[in-house]
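J.: I have a structure I would like to understand better, so I am pasting it below and will then ask my questions one at a time.
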Amino acid sequence: MYVHVPFCAHRCDYCAFATWDDRSGLADEYVAAVRREIGAAVDAGLPVATSVFFGGGTPSRLTAEQLTSILEVVPRAAGAEVSVECNPEDADADRLAAWRRAGVTRVSFGVQSMVPAVLASLGRRHSPEAVPRAVEAAAEAGLGGSYSVDLIFGAVGESIEDWDRSVQSVLALDPPPAHVSGYGLIAEPGTPLGADPARHPEADNQADEYELLDETLEAAGYSWYEISNWARPGAACRHNQLYWAQGEYRGFGCAAHSHEVRPDATARRWWNVRTPERYLRCMAEGTGPVGGAEILGADQRATEALELAVRTVSGVALADLPDGAERELEMLVGLGLVELFAAGADPLTAHRGPRLRLTRRGRLLASEVTLHLLGPSGQWSGGSRSRSPT
Ligand code: SF4
């Protein structure tokens with residue numbers, strides 16, 4: 001289950017998410033509506049959640065009582081992972097202790113950088129000093145062993161030394177994070193950053209920063225498990241792994257997406273209306289908050305499966321490539337972008353035989369590798385996977 005919280009204290013210059021910095025006055029009404037939406041889904045037979053993710057926006061803009069009152073109505077499986085995204089400045093010990101008592105198992109801190117000038121160039125308002133205080137609060141609340149940090153690389157004016165300082169500072173936190181996400185900055189259309197070409201990230205700098213991040217994290221005992229995600233053993237985010245495996249999920253709150261696999265191997269994806277006001281109106285009028293839906297055919301699902309799986313350390317079974325991909329594969333291996341490996345003992349994947357995964361260099365060109373594997377159309381065009389009942 002995903003719960004969207006569309007409130008932020010301030011809008012960062014690069015952000016294109018469905019979030020607002022002038023609507024926190026709606027929070028009480030919004031929380032009540034989300035509780036009603038979840039309640040209706042439970043009445044309609046919603047299965048228990050194996051993972052719950054509070055994202056946004058900034059979930060820590062809700063009071064501890066507001067957030068935990070949503071979690072109260074979420075039916076959860078035993079041992080469910082419950083993650084909450086948190087602004088470091090919101091992380092006081094009382095709030096995190098209340099989350100922990102309510103069942104939160106992971107906190108994800110939006111750190112982005114540990115260098116003040118870089119934070120300023122991203123339009124972030126928190127200071128690096130807030131981060132060790134947040135980690136201390138997490139440790140006090142019993143979440144010190146499972147927290148994650150988000151970092152962003154590629155801000156204009158960020159030198160490779162600045163980036164190294166950010167990564168080293170994060171690894172020096174006490175305790176260090178169990179999980180790190182590192183995202184390349186994107187100049188999204190419609191954002192202040194997008195409208196300012198002088199601040200657009202430079203691809204070669206970002207590639208250098210990515211390689212530095214990966215080398216540093218590997219040396220510190222973290223392993224990559226998806227292009228933008230590294231974890232200590234056992235600390236991978238199960239919720240995100242479910243997305244990458246095309247699992248079923250339900251989103252609640254405005255702009256939240258849901259996905260359901262149908263018996264004929266097609267799937268339905270739908271999403272709620274985008275703004276909190278429309279969401280509240282739909283919930284008040286009893287019309288339901290769904291804003292749109294699409295059916296994903298078997299070929300579209302196979303295309304998406306390849307796009308998602310290529311980005312993970314488990315990679316793709318050679319048996320699941322489209323027809324005619326062999327020659328491209330040979331070329332990609334020759335260029336050092338892709339490596340082949342034996343299936344291993346994982347019962348979920350072993351039966352599919354040998355697999356491919358991206359090398360570090362290949363991870364810099366993941367979209368291009370995927371296009372080569374898919375062939376000239378860039379879409380699934382027939383192959384073993386679309387014929388097999390997966
Ligand atoms: S805190 Fe996160 S969600 Fe909020 S504006 Fe900044 S990037 Fe967007």
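Please note that chains go A, B, ... in the order of the structure tokens, that every chain numbers its residues from 1, and that ligands are numbered from 1 in the order shown.
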Given a cut-off of 12 Å, what residues near ligand 1 show up using only C-alpha atoms and all ligand atoms, put as a ChimeraX atom specification?

T.: /A:4-22,54-61,85-90,108-112,119,122-126,150-152,183,185-186,188,191-193

J.: So that I can see what lies close to Arg262 in chain A, please list as a list in words the residues with an atom at most 12 Å from it, counting only C-alpha atoms and leaving out residues fewer than 3 positions away in the same chain.

T.: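 Within the cut-off, the hits are Gly247, Glu248, His259, Ala265, Thr266, Ala267, Arg268, Arg269, Ile295, Leu296, Gly297, Ala298 and Arg301 of chain A.
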
J.: Name the residues in contact with Ala138 in chain A at a cut-off of 10 Å, using only C-alpha atoms, excluding same-chain residues fewer than 5 positions from it; report them as a list in words.

T.: Ala91, Asp92, Ala93, Asp94, Arg95, Leu96, Ala97, Arg100, Arg106, Val107, Pro132, Arg133, Leu143, Gly144, Gly145, Ser146, Tyr147 and Pro175 of chain A

J.: With C-alpha atoms retained, write the just-selected residues as an mmCIF file, in the first residue's frame.

T.:
```
data_model
loop_
_atom_site.group_PDB
_atom_site.id
_atom_site.type_symbol
_atom_site.label_atom_id
_atom_site.label_comp_id
_atom_site.auth_asym_id
_atom_site.auth_seq_id
_atom_site.Cartn_x
_atom_site.Cartn_y
_atom_site.Cartn_z
ATOM 1 C CA ALA A 91 12.625 14.231 12.938
ATOM 2 C CA ASP A 92 12.281 14.757 16.665
ATOM 3 C CA ALA A 93 12.496 11.805 19.040
ATOM 4 C CA ASP A 94 8.841 12.032 20.176
ATOM 5 C CA ARG A 95 7.495 11.947 16.619
ATOM 6 C CA LEU A 96 9.695 9.003 15.617
ATOM 7 C CA ALA A 97 8.872 7.114 18.829
ATOM 8 C CA ARG A 100 7.638 3.282 15.868
ATOM 9 C CA ARG A 106 11.857 2.305 8.290
ATOM 10 C CA VAL A 107 12.379 6.041 7.977
ATOM 11 C CA PRO A 132 22.926 13.914 12.519
ATOM 12 C CA ARG A 133 20.203 15.204 14.879
ATOM 13 C CA LEU A 143 14.864 2.968 14.102
ATOM 14 C CA GLY A 144 18.631 3.537 13.951
ATOM 15 C CA GLY A 145 19.321 0.181 12.331
ATOM 16 C CA SER A 146 16.879 0.539 9.473
ATOM 17 C CA TYR A 147 16.887 4.127 8.249
ATOM 18 C CA PRO A 175 24.794 4.785 13.208
#
```

J.: Which residues come within 12 Å of Gly362 in chain A, counting only C-alpha atoms, excluding same-chain residues fewer than 4 positions away, as a count of residues only?

T.: 25

J.: Could you state the separation of CA of Thr359 in chain A and CA of Asp214 in chain A in Å, given to one decimal place?

T.: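 Here the two named atoms are 11.4 Å from each other.
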
J.: Considering only C-alpha atoms, state which residue in the set A:Pro289, A:Gly190, A:Gly375, A:Pro75 is at the smallest distance from Leu329 in chain A.

T.: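 Using only C-alpha atoms, Leu329 in chain A sits closest to A:Gly375.
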
J.: Extract, using only C-alpha atoms, all DNA, RNA and protein residues at most 9 Å from Asn205 in chain A, discarding same-chain residues fewer than 4 positions from it, and format them as a PyMOL selection string.

T.: chain A and resi 153-154+159-160+201+209-210

J.: Excluding Glu65 in chain A and its own-chain neighbours fewer than 6 positions away, which residues fall within 10 Å of it when counting only C-alpha atoms? Please give them as a list in words.

T.: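 Near neighbours after the sequence-gap exclusion: Leu71, Arg95, Ala98, Trp99 and Ala102 of chain A.
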
J.: Dump C-alpha atoms for the selected residues as a compact mmCIF listing (two decimals), in the first residue's frame?

T.:
```txt
# COMPACT_ATOMS: atom_id res chain seq x y z
CA LEU A 71 -1.69 3.57 9.77
CA ARG A 95 7.50 11.95 16.62
CA ALA A 98 5.14 7.53 18.09
CA TRP A 99 5.68 6.24 14.54
CA ALA A 102 2.35 2.50 15.58
```

J.: Go through A:Leu371, A:Val73, A:Val290, A:Ala178 one by one, measure the shortest atom-to-atom distance of each to Gly234 in chain A using only C-alpha atoms, and give the residue with the smallest value.

T.: A:Ala178

J.: Rank A:Ala343, A:Ala155, A:Leu318, A:Arg274 by their smallest atom-to-atom distance to Pro197 in chain A, using only C-alpha atoms, and report the top residue only.

T.: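 Answer, going by the shortest atom-to-atom distance: A:Ala155.
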
J.: Using only C-alpha atoms, which residues of range 78-144 of chain A come within 12 Å of range 41-48 of chain A, and what is the closest atom pair for each, with the distance in Å to one decimal? Give it as a tab-separated table, sorted by chain and residue number.

T.:
```
residue	atom	partner	partner_atom	distance
A:Ala78	CA	A:Val48	CA	9.2
A:Gly79	CA	A:Val48	CA	11.3
A:Ala80	CA	A:Val48	CA	9.2
A:Glu81	CA	A:Val48	CA	12.0
```
